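> Please find one structure pasted underneath; my questions will follow.
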Amino acid sequence: MNQTNQVRIFVNKDRMNESKAFESLEIALVIEQQKDLYKIIVQNEVRFAKVSGKMMYQALTPKAFPSVGDWVMVESAYDIAVIHTILNRKSILERKSAGVTSDAQIIATNIDIIFICMSLNENFNLRRLERYLSVCWNSGAIPVIVLTKADLTLKLDQMVKSVYSVAFGVDVLFTSEFVEPYFKQVETYLKKGLTYAFIGSSGVGKSTLVNHLLAIDIQKTEVVGGHDKGRHTTTSRGLYMTQGGSMIIDTPGMRELQLDEVDLETTFDDIEKLSKSCKFNDCSHTTEPGCAVLEAIESGTMEKDRLLNYQKLQKEFEYQKLRALRKERKMNKR
């Protein structure tokens, strides 16, 4: 991590008041995780830290351990500081862990705004965007869509319009490394003391954007072509400070964002509202007569693929909840 040992962070009044309950400990910010070792900023100094034995013993799930973005209370008198507790998280961006486990994996915490990055080439996919939105709305942070590589399309207005059709109430920005507006639209969002996370698929230009905002090459990037065949080189989550006092979290590119907790009602607000006008209260929007959702599809005011994706995410989320419930029952029996 290419940061100096001296890094000034902004701790707001609420955090300071919360930390006063731990008189013998100091407040710190987790900026990176390396297996069982963490990088933190405490008293404006970058230090290594590990969790206390008590925290490790009492942790029942991975979510009980610190994550990038967490404010923690530490004992810093040792060469490696000791993390004793995690302060209240105001937002949690999470997904299901890879593999057969039903555990949740925290991507980052205490985020104010999540920039969902999607490039305007072959990476452009509205169904994937709906998946990202459902996770972001559930996190407690505000999602903002960033369409990158605007120089690679001649249909910018049409593509932005299609994004608005599935992202109700979400701001949509676009950027380019080579032409206007460059990164100006994103720059206007950065405010002192706020935390911003960048998520998206591999090769969409997240690290290029982060490098620009930080004015230094924190993340190594590789050139990718118009068909987006390049590889991402961000391999771990890290929190970085801008010169203006904003905090930026860059994340590795995700081929697939598996669902853990989601907010489908907000993401698919149009379907939820139409459902109230269906003839049957338990309408499945498949073959029932008087289905307002199917009527919207027939009239051309809604794409059929949007309904199919809504139903797919519903089934995936219900299956994940069922697996988590079974695991909880097994743990209780033990």
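Labels for the structure tokens follow display order: chains A, B, ..., residues from 1 in each chain, ligands from 1.
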Can you tell me, as a list in words, what residues are no more than 10 Å from Ser284 of chain A when counting only C-alpha atoms, ignoring any on the same chain fewer than 6 positions away?

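Residues meeting the cut-off are Ser275, Cys278, Cys291, Val293 and Gln311 of chain A.
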
> Contacts of Ala28 of chain A at 9 Å or less, counting only C-alpha atoms, minus same-chain residues fewer than 4 places along, as a PyMOL selection string?

chain A and resi 40-44+70-74+83

> Could you please take those selected residues and save C-alpha atoms as a PDB file, in the first residue's frame?


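What landed in result_10.pdb:
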```pdb
ATOM      1  CA  ILE A  40      -5.340   0.702  10.485  1.00  0.00           C
ATOM      2  CA  ILE A  41      -4.963   4.426  10.915  1.00  0.00           C
ATOM      3  CA  VAL A  42      -4.680   5.376  14.577  1.00  0.00           C
ATOM      4  CA  GLN A  43      -3.631   8.847  15.729  1.00  0.00           C
ATOM      5  CA  ASN A  44      -3.044   9.695  12.047  1.00  0.00           C
ATOM      6  CA  ASP A  70     -14.756  -0.196  10.024  1.00  0.00           C
ATOM      7  CA  TRP A  71     -14.097   2.156  12.906  1.00  0.00           C
ATOM      8  CA  VAL A  72     -12.596   0.131  15.734  1.00  0.00           C
ATOM      9  CA  MET A  73     -11.269   0.649  19.248  1.00  0.00           C
ATOM     10  CA  VAL A  74      -7.678  -0.472  19.683  1.00  0.00           C
ATOM     11  CA  ILE A  83      -8.441  -4.507  18.015  1.00  0.00           C
TER      12      ILE A  83
END
```

> Might you pull out every residue within 12 Å of segment 146-156 of chain A, with only C-alpha atoms counted and same-chain residues fewer than 4 positions away left off, and present them as a ChimeraX atom specification?

/A:113-126,129,160-164,170-187,189,197-201,203-209,223-228

> Identify all residues of segment 147-282 of chain A in strand (DSSP E or B) (DSSP on the backbone) and supply them as a PyMOL selection string.

chain A and resi 147-148+172-174+195-200+238-241+247-250

> Would you save the residues of that selection, restricted to N, CA and C atoms, as a CSV table (one decimal), in the first residue's frame?


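To be explicit, this is the file written out as part-v5.csv:
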```
chain,number,residue,atom,x,y,z
A,147,LEU,N,-21.1,5.2,-15.7
A,147,LEU,CA,-20.8,4.6,-17.0
A,147,LEU,C,-19.5,5.0,-17.5
A,148,THR,N,-18.5,4.1,-17.5
A,148,THR,CA,-17.2,4.4,-17.9
A,148,THR,C,-16.9,4.2,-19.4
A,172,VAL,N,-27.1,9.0,-12.6
A,172,VAL,CA,-26.3,8.3,-13.6
A,172,VAL,C,-25.2,9.3,-14.1
A,173,LEU,N,-23.9,8.9,-14.0
A,173,LEU,CA,-22.8,9.7,-14.4
A,173,LEU,C,-22.1,8.9,-15.5
A,174,PHE,N,-21.3,9.6,-16.3
A,174,PHE,CA,-20.4,8.9,-17.3
A,174,PHE,C,-19.1,9.6,-17.3
A,195,THR,N,-17.2,8.6,2.8
A,195,THR,CA,-16.6,7.4,2.3
A,195,THR,C,-17.3,6.9,1.0
A,196,TYR,N,-16.5,6.6,0.0
A,196,TYR,CA,-17.0,6.2,-1.3
A,196,TYR,C,-16.4,4.8,-1.7
A,197,ALA,N,-17.3,3.9,-2.1
A,197,ALA,CA,-16.8,2.6,-2.6
A,197,ALA,C,-17.0,2.5,-4.1
A,198,PHE,N,-16.1,1.9,-4.8
A,198,PHE,CA,-16.2,1.6,-6.2
A,198,PHE,C,-16.3,0.1,-6.5
A,199,ILE,N,-17.4,-0.3,-7.1
A,199,ILE,CA,-17.6,-1.7,-7.4
A,199,ILE,C,-18.0,-1.9,-8.8
A,200,GLY,N,-17.8,-3.1,-9.3
A,200,GLY,CA,-18.1,-3.4,-10.7
A,200,GLY,C,-17.3,-4.6,-11.2
A,238,GLY,N,-9.1,-2.0,-0.5
A,238,GLY,CA,-8.2,-1.0,0.3
A,238,GLY,C,-8.9,0.3,0.3
A,239,LEU,N,-8.7,1.0,1.5
A,239,LEU,CA,-9.2,2.4,1.7
A,239,LEU,C,-8.1,3.4,1.5
A,240,TYR,N,-8.4,4.5,0.8
A,240,TYR,CA,-7.3,5.5,0.5
A,240,TYR,C,-7.9,6.9,0.7
A,241,MET,N,-7.0,7.8,1.1
A,241,MET,CA,-7.4,9.2,1.4
A,241,MET,C,-7.1,10.0,0.2
A,247,MET,N,-12.6,9.6,1.6
A,247,MET,CA,-12.1,8.3,1.7
A,247,MET,C,-12.7,7.4,0.6
A,248,ILE,N,-11.8,6.7,-0.1
A,248,ILE,CA,-12.2,5.9,-1.3
A,248,ILE,C,-11.8,4.5,-1.1
A,249,ILE,N,-12.8,3.6,-1.3
A,249,ILE,CA,-12.5,2.1,-1.2
A,249,ILE,C,-12.6,1.5,-2.6
A,250,ASP,N,-11.5,0.9,-3.1
A,250,ASP,CA,-11.5,0.3,-4.3
A,250,ASP,C,-11.6,-1.2,-4.1
```

> Taking 3 positions as the minimum chain separation for residues in the same chain, which residues sit within 8 Å of segment 54-58 of chain A when counting only C-alpha atoms? Answer as a list in words.

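Answer for this query is Val51, Phe65, His84 and Thr85 of chain A.
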
> Save the residues we just selected, N, CA and C atoms, as a PDB file, in the first residue's frame?


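What ended up in out.pdb:
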```pdb
ATOM      1  N   VAL A  51      -6.833  -8.813  15.801  1.00  0.00           N
ATOM      2  CA  VAL A  51      -7.964  -8.820  16.723  1.00  0.00           C
ATOM      3  C   VAL A  51      -7.533  -9.464  18.035  1.00  0.00           C
ATOM      4  N   PHE A  65     -15.846 -10.060  12.407  1.00  0.00           N
ATOM      5  CA  PHE A  65     -14.474  -9.573  12.334  1.00  0.00           C
ATOM      6  C   PHE A  65     -14.434  -8.224  11.627  1.00  0.00           C
ATOM      7  N   HIS A  84     -10.067  -4.430  19.827  1.00  0.00           N
ATOM      8  CA  HIS A  84     -10.920  -5.011  20.865  1.00  0.00           C
ATOM      9  C   HIS A  84     -12.401  -4.974  20.509  1.00  0.00           C
ATOM     10  N   THR A  85     -12.833  -4.001  19.738  1.00  0.00           N
ATOM     11  CA  THR A  85     -14.267  -3.922  19.413  1.00  0.00           C
ATOM     12  C   THR A  85     -14.474  -3.128  18.138  1.00  0.00           C
TER      13      THR A  85
END
```

> Near Phe268 of chain A, within 12 Å and counting only C-alpha atoms, which residues show up once chain neighbours fewer than 2 positions away are dropped, as a PyMOL selection string?

chain A and resi 127+129-131+133-134+137+165-169+262-266+270-275+293+302+306-311+313-314

> Rounded to one decimal place, report the atom CA of Ala108 of chain A-atom CA of Glu23 of chain A distance in Å.

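Atom CA of Ala108 of chain A sits 26.7 Å away from atom CA of Glu23 of chain A.
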
> In Å, with one decimal, what is the gap from atom CA of Glu18 of chain A to atom CA of Ile86 of chain A?

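Answer for the atom CA of Glu18 of chain A to atom CA of Ile86 of chain A separation: 10.8 Å.
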
> For atom CA of Gly69 of chain A and atom CA of Thr109 of chain A, determine how far apart the two atoms are, in Å to one decimal place.

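Atom CA of Gly69 of chain A sits 4.8 Å away from atom CA of Thr109 of chain A.
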
> I need the residues of segment 125-276 of chain A that end up classed as helix (DSSP H, G or I) by DSSP on the backbone, written out as a PyMOL selection string.

chain A and resi 126-139+150-152+156-164+184-187+206-214+264-267+269-275

> So that I can see what lies close to segment 287-290 of chain A, please list as a PDB file with N, CA and C atoms, in the first residue's frame the residues with an atom at most 10 Å from it, counting only C-alpha atoms and leaving out residues fewer than 6 positions away in the same chain.


```pdb
ATOM      1  N   SER A 277     -51.914  -3.745  -8.429  1.00  0.00           N
ATOM      2  CA  SER A 277     -53.085  -3.624  -9.307  1.00  0.00           C
ATOM      3  C   SER A 277     -53.470  -4.946  -9.946  1.00  0.00           C
ATOM      4  N   CYS A 278     -52.732  -6.021  -9.635  1.00  0.00           N
ATOM      5  CA  CYS A 278     -53.069  -7.338 -10.185  1.00  0.00           C
ATOM      6  C   CYS A 278     -54.393  -7.831  -9.598  1.00  0.00           C
ATOM      7  N   LYS A 279     -55.094  -8.650 -10.355  1.00  0.00           N
ATOM      8  CA  LYS A 279     -56.402  -9.159  -9.936  1.00  0.00           C
ATOM      9  C   LYS A 279     -56.275 -10.015  -8.683  1.00  0.00           C
ATOM     10  N   PHE A 280     -55.205 -10.786  -8.600  1.00  0.00           N
ATOM     11  CA  PHE A 280     -54.999 -11.689  -7.462  1.00  0.00           C
ATOM     12  C   PHE A 280     -53.845 -11.177  -6.590  1.00  0.00           C
TER      13      PHE A 280
END
```

> For Ala81 of chain A, which residue among A:Gln105, A:Asn211, A:Thr286, A:Ser52 is the nearest when counting only C-alpha atoms?

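The shortest atom-to-atom distance to Ala81 of chain A comes from A:Ser52.
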